[in-house]
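Student: Take a look at this one; I'll ask things after.
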Amino acid sequence: MSITYLEAIREAQAKLLRDDKRVFIYGQDVGGTFGGAFKATKGLAKEFPGRVLNTPISEDAMVGTAIGAALEGMRPIVEMQFADFSSIALNQILNNAGTHYWRTNISVPITIRLPSGGTKGSGPFHSQSMESLYAHYPGLIVMTPATVEDAYTMLIDAVAIDDPVVYCEHKYLYYHLKADDLPSEGMPIGRARIARAGRDLTIVSYSAMLQESLIAAEEIAKEGFEIEVIDLRTVKPLDTAAVLASVARTGRLLAVGESFPWGGATAEVIARVTTEGFHLLDAAPARINAKDTPIPYHPNLWSTHRPSSKVIAAKARQLLRE
Amino acid sequence: MLQTARPKKKKAPTNAPVHEKYVEAFRWMLLARTFEEKLASMYRGGRITGGVYVGKGQEAISVACGIFLQKGDVFAPLIRDQAGRSAFGEPLVDVARTYLGTRTGPMRGRDGNIHRGKPRDGQLAMISHLGAMISVLVGSLMAKRGQGEKNFVGLTTIGEGGMQTGASHEGLNIAAVEHVPLVVVATNNHYAYSTPNDREFACASLVDRARGYGFEGYELDGTDLAQCLDVIGTAVKRARAGRPPQLVVASVLRLAGHGEHDDFSYVPKEIYGESFAYDCVQRAQEFIKERELVDSATLQAWREDAVRQVDEAFAMAQKEPTPKGEEEDWCAISTRGLLDHPEEQE
């Protein structure tokens with residue numbers, strides 16, 4: 001049996017609907033016989049009548065509705081058609097869901113699925129990675145699964161968590177990534193994973209950039225260096241201890257993310273290591289992000305805008321020489 | 001179906017039966033007015049931090065929003081809803097606690113003034129971003145229906161200013177699509193902060209939007225408590241009975257600033273001659289006298305009782321502890337094991 005990252009997301013939702021009557025899915029085109037723009041809810045409306053509901057094109061109201069339902073004991077999953085459109089719902093996510101527990105002592109258990117990241121030809125408005133923006137605000141958990149197994153177990157965890165979860169699933173991984181089977185249990189949320197053990201340099205990454213980093217690490221292994229690759233799994237909470245432990249072994253740090261360069265997850269990793277583990281570093285840390293422009297349409301431009309295994313390998317070589 | 005209640009003239013004494021909740025509603029209005037006068041005076045005396053936002057002139061509409069709601073209903077009030085919040089069961093001391101920011105209040109000093117609520121008691125806590133609470137209420141009502149609850153209704157309030165946001169549009173539309181038992185009471189108090197109606201919207205009346213959204217719509221004179229009780233009471237009944245969502249558009253003049261920091265000098269004097277500028281509390285009091293619903297000694301006793309309740313609420317809240325930064329639990333999520341960067345929290 002072979003299962004893709006996208007199928008894992010569908011299977012997780014099927015399991016959640018089967019096991020927990022509080023769960024329902026709310027989003028554009030998720031219901032009926034259509035099953036979502038990417039088919040992440042294919043067949044679920046038929047299998048679970050009345051619990052997989054199409055909505056108007058109203059991102060703000062989709063999330064608002066989910067918040068209200070969660071306050072009454074439900075566990076809604078909101079599917080944004082693309083992460084980019086969640087900007088319309090920023091107010092509900094950041095100001096309503098994100099502040100609610102702090103203000104009222106009552107948590108808002110909603111899960112917002114964001115089909116994130118770039119794919120060829122998708123352009124400025126269907127390619128964004130918004131994890132850094134959501135992580136900046138208090139009150140939210142931000143998940144960035146990079147493997148089929150994590151896509152499955154972390155979505156199940158997201159719904160179980162009593163707080164609002166922004167679940168960033170990467171569209172590039174939907175069909176590219178396959179696993180033999182789905183796990184019955186995953187690693188605890190909030191813990192990073194050593195995706196590849198090494199001793200010469202730590203690459204900290206997440207989501208689709210983990211896969212690019214692993215390719216880069218294999219490339220450089222041919223040159224005699226062993227790179228340790230850390231998969232953050234959640235950018236918030238950020239597993240600082242795991243990152244510091246790895247840097248303690250390697251003395252060198254490269255943080256790689258697909259979101260825009262100003263601030264964000266990679267900057268946070270660098271800031272934490274330099275403030276809390278400066279003595280561990282043998283060289284200045286580095287980071288790689290997408291370019292500080294909107295995401296381009298043409299594949300030639302897009303493949304340069306987005307960090308690639310080639311760019312990561314080049315930066316890693318530079319760090320290893322220092 | 002568009003039902004329009006024509007505004008009545010200021011004084012139209014009839015022998016029509018008085019609404020059974022008229023006198024009770026008036027007492028809540030009196031309490032809200034008395035409480036907010038105290039708030040304003042404390043603000044001017046520097047005893048309240050942040051801002052004070054009163055509902056002067058809107059008490060009749062607000063009380064009608066709260067007085068028909070029952071246990072199991074959900075109320076999402078907004079800025080000028082002291083009367084309705086009280087009528088729905090919010091203890092006055094919790095309002096005092098929130099304005100003073102005590103640790104004992106529902107918001108524990110973490111949020112203040114009108115941004116308060118107890119969601120477990122059906123009182124949603126508004127955020128400042130207008131229109132955001134409409135869809136939240138829709139979700140609560142969908143969940144209740146899904147869980148098999150019966151005979152419940154949700155009511156939310158908004159102003160003509162808030163009606164112009166994208167969130168309001170999305171919320172109203174999704175309410176009709178989901179066919180939830182919802183009443184939206186929109187008060188046109190003629191000013192969005194300082195901006196008059198002609199820079200806010202261009203339709204003849206906001207009630208015209210009811211048809212566009214698939215709501216049933218009503219207009220009313222918000223200075224007249226009798227109309228407020230009739231029309232909003234009917235809307236609540238119809239929503240409870242499974243009719244489409246209800247939109248009530250009330251017309252009044254905001255008889256105070258946007259907040260107490262605002263002297264509302266931008267409101268031209270002539271406007272106070274308009275029928276919608278009448279003070280609803282004064283009008284209700286005149287009606288009570290005219291129809292001899294109670295004698296003047298009783299009216300006086302009610303005023304004194306309102307003052308006593310307000311004084312007691314503040315006296316209690318003032319004795320209670322305020323929060324301290326160094327003792328605060330700086331944790332914005334309930335899943336403590338997932339707190340980011342826990343070493344900084346120690």
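If you're wondering about the labels, chains in the structure tokens are A, B, ... by order shown, residues count from 1 in each chain, ligands from 1 in order shown.
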Find the residues of range 290-346 of chain B that sit at most 8 Å from range 84-93 of chain B; for each, write down the nearest two atoms and how far apart they are in Å, to one decimal. Count only C-alpha atoms. Sort by chain, then by number going up, and give it as CSV.

Tutor:
residue,atom,partner,partner_atom,distance
B:Gln309,CA,B:Leu92,CA,7.9
B:Val310,CA,B:Leu92,CA,7.3
B:Glu312,CA,B:Val93,CA,8.0
B:Ala313,CA,B:Val93,CA,4.4
B:Phe314,CA,B:Val93,CA,6.7
B:Met316,CA,B:Val93,CA,7.2
B:Ala317,CA,B:Val93,CA,6.4

Student: Quick one: write out the picked residues with all heavy atoms as a PDB file, in the first residue's frame?

Tutor:
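result-v7.pdb was written with the following content:
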ATOM      1  N   GLN B 309     -28.210  50.491  43.613  1.00  0.00           N
ATOM      2  CA  GLN B 309     -27.603  49.322  42.961  1.00  0.00           C
ATOM      3  C   GLN B 309     -26.250  49.661  42.341  1.00  0.00           C
ATOM      4  O   GLN B 309     -25.299  48.883  42.413  1.00  0.00           O
ATOM      5  CB  GLN B 309     -28.523  48.792  41.861  1.00  0.00           C
ATOM      6  CG  GLN B 309     -29.750  48.052  42.367  1.00  0.00           C
ATOM      7  CD  GLN B 309     -30.463  47.378  41.199  1.00  0.00           C
ATOM      8  OE1 GLN B 309     -29.861  46.595  40.471  1.00  0.00           O
ATOM      9  NE2 GLN B 309     -31.732  47.685  41.028  1.00  0.00           N
ATOM     10  N   VAL B 310     -26.209  50.838  41.694  1.00  0.00           N
ATOM     11  CA  VAL B 310     -24.963  51.264  41.051  1.00  0.00           C
ATOM     12  C   VAL B 310     -23.879  51.493  42.102  1.00  0.00           C
ATOM     13  O   VAL B 310     -22.736  51.020  41.959  1.00  0.00           O
ATOM     14  CB  VAL B 310     -25.209  52.546  40.221  1.00  0.00           C
ATOM     15  CG1 VAL B 310     -23.891  53.157  39.753  1.00  0.00           C
ATOM     16  CG2 VAL B 310     -26.123  52.238  39.039  1.00  0.00           C
ATOM     17  N   GLU B 312     -23.673  50.219  45.049  1.00  0.00           N
ATOM     18  CA  GLU B 312     -23.269  48.930  45.636  1.00  0.00           C
ATOM     19  C   GLU B 312     -22.304  48.184  44.719  1.00  0.00           C
ATOM     20  O   GLU B 312     -21.316  47.604  45.171  1.00  0.00           O
ATOM     21  CB  GLU B 312     -24.510  48.051  45.876  1.00  0.00           C
ATOM     22  CG  GLU B 312     -25.226  48.385  47.171  1.00  0.00           C
ATOM     23  CD  GLU B 312     -26.489  47.555  47.350  1.00  0.00           C
ATOM     24  OE1 GLU B 312     -26.699  46.581  46.588  1.00  0.00           O
ATOM     25  OE2 GLU B 312     -27.267  47.913  48.253  1.00  0.00           O
ATOM     26  N   ALA B 313     -22.611  48.219  43.416  1.00  0.00           N
ATOM     27  CA  ALA B 313     -21.754  47.506  42.456  1.00  0.00           C
ATOM     28  C   ALA B 313     -20.338  48.070  42.498  1.00  0.00           C
ATOM     29  O   ALA B 313     -19.355  47.327  42.564  1.00  0.00           O
ATOM     30  CB  ALA B 313     -22.342  47.619  41.051  1.00  0.00           C
ATOM     31  N   PHE B 314     -20.229  49.401  42.463  1.00  0.00           N
ATOM     32  CA  PHE B 314     -18.892  50.003  42.482  1.00  0.00           C
ATOM     33  C   PHE B 314     -18.215  49.835  43.838  1.00  0.00           C
ATOM     34  O   PHE B 314     -17.003  49.620  43.904  1.00  0.00           O
ATOM     35  CB  PHE B 314     -18.947  51.472  42.065  1.00  0.00           C
ATOM     36  CG  PHE B 314     -18.958  51.642  40.577  1.00  0.00           C
ATOM     37  CD1 PHE B 314     -20.107  52.009  39.904  1.00  0.00           C
ATOM     38  CD2 PHE B 314     -17.809  51.387  39.839  1.00  0.00           C
ATOM     39  CE1 PHE B 314     -20.120  52.143  38.522  1.00  0.00           C
ATOM     40  CE2 PHE B 314     -17.808  51.509  38.462  1.00  0.00           C
ATOM     41  CZ  PHE B 314     -18.970  51.878  37.803  1.00  0.00           C
ATOM     42  N   MET B 316     -18.483  47.378  45.838  1.00  0.00           N
ATOM     43  CA  MET B 316     -17.947  46.021  45.924  1.00  0.00           C
ATOM     44  C   MET B 316     -16.699  45.875  45.040  1.00  0.00           C
ATOM     45  O   MET B 316     -15.658  45.405  45.478  1.00  0.00           O
ATOM     46  CB  MET B 316     -19.011  45.007  45.507  1.00  0.00           C
ATOM     47  CG  MET B 316     -18.515  43.574  45.622  1.00  0.00           C
ATOM     48  SD  MET B 316     -19.674  42.347  44.994  1.00  0.00           S
ATOM     49  CE  MET B 316     -20.763  42.189  46.371  1.00  0.00           C
ATOM     50  N   ALA B 317     -16.827  46.311  43.775  1.00  0.00           N
ATOM     51  CA  ALA B 317     -15.722  46.132  42.822  1.00  0.00           C
ATOM     52  C   ALA B 317     -14.473  46.885  43.280  1.00  0.00           C
ATOM     53  O   ALA B 317     -13.345  46.399  43.108  1.00  0.00           O
ATOM     54  CB  ALA B 317     -16.144  46.595  41.436  1.00  0.00           C
TER      55      ALA B 317
END

Student: If we count only C-alpha atoms, what is near range 254-267 of chain A at a cut-off of 8 Å, once residues fewer than 2 positions away on the same chain are taken out, given as JSON, numbers by chain?

Tutor: {"A": [117, 128, 129, 130, 131, 132, 133, 135, 136, 201, 202, 203, 204, 205, 206, 208, 209, 213, 235, 252, 269, 270, 271, 285, 286, 287, 288, 289, 290, 291, 292, 293, 306, 307, 312, 316]}

Student: Just want the 10 Å neighbourhood of range 11-21 of chain A, counted on only C-alpha atoms, with same-chain residues fewer than 2 positions away dropped. Output as a compact mmCIF listing (two decimals) with N, CA and C atoms, in the first residue's frame.

Tutor:
# COMPACT_ATOMS: atom_id res chain seq x y z
N ILE A 3 0.51 5.52 0.24
CA ILE A 3 -0.43 6.61 0.53
C ILE A 3 0.28 7.95 0.43
N TYR A 5 0.68 12.22 0.88
CA TYR A 5 0.49 13.26 1.92
C TYR A 5 -0.96 13.76 1.90
N LEU A 6 -1.48 13.98 0.68
CA LEU A 6 -2.86 14.46 0.54
C LEU A 6 -3.86 13.41 1.03
N GLU A 7 -3.61 12.15 0.65
CA GLU A 7 -4.51 11.08 1.10
C GLU A 7 -4.47 10.93 2.63
N ALA A 8 -3.30 11.17 3.18
CA ALA A 8 -3.18 11.09 4.64
C ALA A 8 -4.07 12.14 5.32
N ILE A 9 -4.13 13.33 4.71
CA ILE A 9 -4.98 14.40 5.26
C ILE A 9 -6.45 14.00 5.15
N VAL A 23 -16.88 16.70 15.50
CA VAL A 23 -16.09 17.22 14.37
C VAL A 23 -16.99 17.48 13.16
N PHE A 24 -16.81 18.62 12.54
CA PHE A 24 -17.40 18.84 11.21
C PHE A 24 -16.42 19.67 10.38
N ILE A 25 -16.58 19.57 9.06
CA ILE A 25 -15.66 20.27 8.15
C ILE A 25 -16.44 21.37 7.44
N ALA A 40 -9.19 16.92 -0.77
CA ALA A 40 -8.80 16.49 0.58
C ALA A 40 -10.00 16.00 1.38
N THR A 41 -11.22 16.27 0.89
CA THR A 41 -12.42 15.79 1.59
C THR A 41 -13.25 14.90 0.66
N LYS A 42 -12.60 14.32 -0.32
CA LYS A 42 -13.30 13.50 -1.31
C LYS A 42 -14.13 12.38 -0.65
N GLY A 43 -15.39 12.36 -0.99
CA GLY A 43 -16.27 11.28 -0.51
C GLY A 43 -16.76 11.45 0.92
N LEU A 44 -16.21 12.44 1.64
CA LEU A 44 -16.55 12.54 3.08
C LEU A 44 -17.98 13.06 3.29
N ALA A 45 -18.45 13.93 2.41
CA ALA A 45 -19.81 14.47 2.58
C ALA A 45 -20.83 13.34 2.47
N GLU A 47 -20.21 10.09 3.06
CA GLU A 47 -20.02 9.16 4.17
C GLU A 47 -20.54 9.75 5.50
N PHE A 48 -20.45 11.09 5.63
CA PHE A 48 -20.85 11.73 6.88
C PHE A 48 -21.85 12.85 6.58
N ARG A 51 -22.20 16.82 7.82
CA ARG A 51 -21.01 17.19 8.62
C ARG A 51 -19.84 17.69 7.77
N VAL A 52 -20.03 17.72 6.48
CA VAL A 52 -19.00 18.28 5.59
C VAL A 52 -19.72 19.29 4.73
N MET A 74 -18.26 22.10 19.80
CA MET A 74 -17.91 21.37 18.58
C MET A 74 -16.40 21.46 18.32
N ARG A 75 -15.94 20.65 17.37
CA ARG A 75 -14.52 20.65 16.97
C ARG A 75 -14.42 20.88 15.47
N ILE A 77 -13.30 21.82 11.70
CA ILE A 77 -12.10 21.95 10.84
C ILE A 77 -12.51 22.87 9.70
N ALA A 151 1.57 14.47 8.55
CA ALA A 151 0.35 15.07 8.00
C ALA A 151 -0.86 14.38 8.62
N TYR A 152 -0.75 13.09 8.81
CA TYR A 152 -1.86 12.30 9.35
C TYR A 152 -2.02 12.50 10.86
N THR A 153 -0.99 12.20 11.61
CA THR A 153 -1.15 12.22 13.08
C THR A 153 -1.28 13.65 13.62
N MET A 154 -0.61 14.59 12.97
CA MET A 154 -0.68 15.97 13.50
C MET A 154 -2.05 16.59 13.26
N LEU A 155 -2.73 16.20 12.19
CA LEU A 155 -4.08 16.73 11.98
C LEU A 155 -5.03 16.16 13.04
N ILE A 156 -4.83 14.90 13.37
CA ILE A 156 -5.65 14.29 14.45
C ILE A 156 -5.36 15.00 15.78
N ASP A 157 -4.07 15.28 16.02
CA ASP A 157 -3.69 16.01 17.24
C ASP A 157 -4.27 17.42 17.24
N VAL A 159 -6.98 18.59 16.08
CA VAL A 159 -8.40 18.63 16.46
C VAL A 159 -8.57 18.32 17.95
N ALA A 160 -7.67 17.52 18.49
CA ALA A 160 -7.77 17.18 19.92
C ALA A 160 -7.33 18.33 20.82
N LEU A 182 0.03 4.30 7.23
CA LEU A 182 -0.21 5.38 8.19
C LEU A 182 0.06 4.90 9.61
N GLN B 147 -26.66 19.79 18.03
CA GLN B 147 -26.66 19.00 19.27
C GLN B 147 -28.08 18.71 19.75

Student: Within 7 Å of chain A, which residues of chain B are there when counting only C-alpha atoms? Please give them as a list in words.

Tutor: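 Contact residues on the first chain: Pro106, Met107, Arg110, Asp111, Ile127, Ala132, Ser135, Val136, Leu137, Val138, Gly139, Ser140, Met142, Ala143, Lys144, Ala167, Glu170, Gly171, Ile174, Ala332, Ile333, Ser334, Thr335, Leu338, Leu339 and Asp340 of chain B.
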
Student: Quick one: everything within 7 Å of range 247-257 of chain B, counting only C-alpha atoms, minus sequence neighbours fewer than 5 positions away in the same chain. Send it as a ChimeraX atom specification.

Tutor: /B:56-58,183-190,206-207,210,215-223,262-264,276-277

Student: Keeping only N, CA and C atoms, take the residues you just selected and write them out as a PDB file, in the first residue's frame.

Tutor:
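To be explicit, this is the file written out as result_0.pdb:
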ATOM      1  N   LYS B  56     -26.336  56.083  25.808  1.00  0.00           N
ATOM      2  CA  LYS B  56     -27.360  57.109  26.052  1.00  0.00           C
ATOM      3  C   LYS B  56     -28.176  57.368  24.782  1.00  0.00           C
ATOM      4  N   GLY B  57     -29.465  57.206  24.914  1.00  0.00           N
ATOM      5  CA  GLY B  57     -30.355  57.381  23.763  1.00  0.00           C
ATOM      6  C   GLY B  57     -30.715  56.060  23.099  1.00  0.00           C
ATOM      7  N   GLN B  58     -30.011  54.996  23.451  1.00  0.00           N
ATOM      8  CA  GLN B  58     -30.239  53.702  22.812  1.00  0.00           C
ATOM      9  C   GLN B  58     -30.736  52.643  23.794  1.00  0.00           C
ATOM     10  N   VAL B 183     -31.595  36.973  15.311  1.00  0.00           N
ATOM     11  CA  VAL B 183     -32.112  38.338  15.175  1.00  0.00           C
ATOM     12  C   VAL B 183     -30.918  39.286  15.185  1.00  0.00           C
ATOM     13  N   VAL B 184     -30.836  40.134  14.184  1.00  0.00           N
ATOM     14  CA  VAL B 184     -29.799  41.177  14.152  1.00  0.00           C
ATOM     15  C   VAL B 184     -30.504  42.520  14.328  1.00  0.00           C
ATOM     16  N   VAL B 185     -30.127  43.227  15.370  1.00  0.00           N
ATOM     17  CA  VAL B 185     -30.726  44.533  15.606  1.00  0.00           C
ATOM     18  C   VAL B 185     -29.684  45.602  15.279  1.00  0.00           C
ATOM     19  N   ALA B 186     -29.950  46.331  14.210  1.00  0.00           N
ATOM     20  CA  ALA B 186     -29.017  47.362  13.749  1.00  0.00           C
ATOM     21  C   ALA B 186     -29.571  48.723  14.155  1.00  0.00           C
ATOM     22  N   THR B 187     -28.801  49.442  14.930  1.00  0.00           N
ATOM     23  CA  THR B 187     -29.243  50.759  15.366  1.00  0.00           C
ATOM     24  C   THR B 187     -28.546  51.832  14.546  1.00  0.00           C
ATOM     25  N   ASN B 188     -29.338  52.575  13.817  1.00  0.00           N
ATOM     26  CA  ASN B 188     -28.777  53.722  13.111  1.00  0.00           C
ATOM     27  C   ASN B 188     -28.821  54.916  14.058  1.00  0.00           C
ATOM     28  N   ASN B 189     -27.681  55.193  14.693  1.00  0.00           N
ATOM     29  CA  ASN B 189     -27.650  56.348  15.601  1.00  0.00           C
ATOM     30  C   ASN B 189     -27.062  57.577  14.897  1.00  0.00           C
ATOM     31  N   HIS B 190     -27.009  57.471  13.577  1.00  0.00           N
ATOM     32  CA  HIS B 190     -26.696  58.587  12.687  1.00  0.00           C
ATOM     33  C   HIS B 190     -25.232  59.008  12.631  1.00  0.00           C
ATOM     34  N   LEU B 206     -31.306  51.003   5.580  1.00  0.00           N
ATOM     35  CA  LEU B 206     -30.551  49.754   5.748  1.00  0.00           C
ATOM     36  C   LEU B 206     -31.466  48.545   5.773  1.00  0.00           C
ATOM     37  N   VAL B 207     -32.738  48.757   6.065  1.00  0.00           N
ATOM     38  CA  VAL B 207     -33.652  47.612   6.122  1.00  0.00           C
ATOM     39  C   VAL B 207     -33.850  47.009   4.719  1.00  0.00           C
ATOM     40  N   ALA B 210     -32.317  43.697   4.069  1.00  0.00           N
ATOM     41  CA  ALA B 210     -32.899  42.455   4.582  1.00  0.00           C
ATOM     42  C   ALA B 210     -33.316  41.558   3.428  1.00  0.00           C
ATOM     43  N   PHE B 215     -33.300  37.885   4.705  1.00  0.00           N
ATOM     44  CA  PHE B 215     -33.804  38.110   6.060  1.00  0.00           C
ATOM     45  C   PHE B 215     -35.234  38.647   5.964  1.00  0.00           C
ATOM     46  N   GLU B 216     -35.949  38.611   7.055  1.00  0.00           N
ATOM     47  CA  GLU B 216     -37.162  39.407   7.197  1.00  0.00           C
ATOM     48  C   GLU B 216     -36.771  40.696   7.898  1.00  0.00           C
ATOM     49  N   GLY B 217     -37.271  41.822   7.420  1.00  0.00           N
ATOM     50  CA  GLY B 217     -36.777  43.110   7.913  1.00  0.00           C
ATOM     51  C   GLY B 217     -37.857  44.005   8.468  1.00  0.00           C
ATOM     52  N   TYR B 218     -37.473  44.808   9.440  1.00  0.00           N
ATOM     53  CA  TYR B 218     -38.394  45.733  10.098  1.00  0.00           C
ATOM     54  C   TYR B 218     -37.654  47.025  10.403  1.00  0.00           C
ATOM     55  N   GLU B 219     -38.407  48.118  10.345  1.00  0.00           N
ATOM     56  CA  GLU B 219     -37.844  49.395  10.787  1.00  0.00           C
ATOM     57  C   GLU B 219     -38.610  49.864  12.009  1.00  0.00           C
ATOM     58  N   LEU B 220     -37.946  50.590  12.868  1.00  0.00           N
ATOM     59  CA  LEU B 220     -38.695  51.119  14.003  1.00  0.00           C
ATOM     60  C   LEU B 220     -38.064  52.399  14.532  1.00  0.00           C
ATOM     61  N   ASP B 221     -38.869  53.095  15.303  1.00  0.00           N
ATOM     62  CA  ASP B 221     -38.425  54.321  15.961  1.00  0.00           C
ATOM     63  C   ASP B 221     -37.812  53.907  17.306  1.00  0.00           C
ATOM     64  N   GLY B 222     -36.514  54.008  17.374  1.00  0.00           N
ATOM     65  CA  GLY B 222     -35.813  53.514  18.558  1.00  0.00           C
ATOM     66  C   GLY B 222     -35.981  54.377  19.796  1.00  0.00           C
ATOM     67  N   THR B 223     -36.651  55.502  19.652  1.00  0.00           N
ATOM     68  CA  THR B 223     -36.882  56.336  20.842  1.00  0.00           C
ATOM     69  C   THR B 223     -38.135  55.889  21.580  1.00  0.00           C
ATOM     70  N   ASP B 262     -15.022  61.996  23.766  1.00  0.00           N
ATOM     71  CA  ASP B 262     -15.471  62.666  22.548  1.00  0.00           C
ATOM     72  C   ASP B 262     -16.584  63.657  22.909  1.00  0.00           C
ATOM     73  N   ASP B 263     -16.390  64.964  22.580  1.00  0.00           N
ATOM     74  CA  ASP B 263     -17.416  65.953  22.953  1.00  0.00           C
ATOM     75  C   ASP B 263     -18.524  66.067  21.903  1.00  0.00           C
ATOM     76  N   PHE B 264     -18.479  65.258  20.903  1.00  0.00           N
ATOM     77  CA  PHE B 264     -19.429  65.218  19.766  1.00  0.00           C
ATOM     78  C   PHE B 264     -19.860  66.599  19.263  1.00  0.00           C
ATOM     79  N   PHE B 276     -36.055  61.463  15.642  1.00  0.00           N
ATOM     80  CA  PHE B 276     -35.192  60.360  16.115  1.00  0.00           C
ATOM     81  C   PHE B 276     -34.218  60.798  17.212  1.00  0.00           C
ATOM     82  N   ALA B 277     -34.225  62.125  17.519  1.00  0.00           N
ATOM     83  CA  ALA B 277     -33.283  62.626  18.530  1.00  0.00           C
ATOM     84  C   ALA B 277     -33.875  62.628  19.934  1.00  0.00           C
TER      85      ALA B 277
END

Student: Write out as a ChimeraX atom specification which residues come within 6 Å of Asn113 in chain B when counting only C-alpha atoms, dropping same-chain ones fewer than 2 positions away.

Tutor: /B:98-99,115

Student: May I ask for the distance between CA of Leu301 in chain A and CA of His126 in chain A, given in Å to one decimal place?

Tutor: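 According to the coordinates, CA of Leu301 in chain A and CA of His126 in chain A are separated by 15.2 Å.
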
Student: Between CA of Gly109 in chain B and CA of Lys324 in chain B, what is the distance in Å, rounded to a tenth?

Tutor: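 Rounded to one decimal, the two atoms are 9.4 Å apart.
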
Student: Between CA of Cys168 in chain A and CA of Ser116 in chain A, what distance in Å does the model show, to one decimal?

Tutor: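 Interatomic distance, CA of Cys168 in chain A to CA of Ser116 in chain A: 5.9 Å.
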
Student: Just list the residues in range 125-295 of chain A DSSP gives strand (DSSP E) on the backbone, as a ChimeraX atom specification.

Tutor: /A:141-143,165-170,178-179,193-196,201-205,227-231,234-236,253-256,286-288
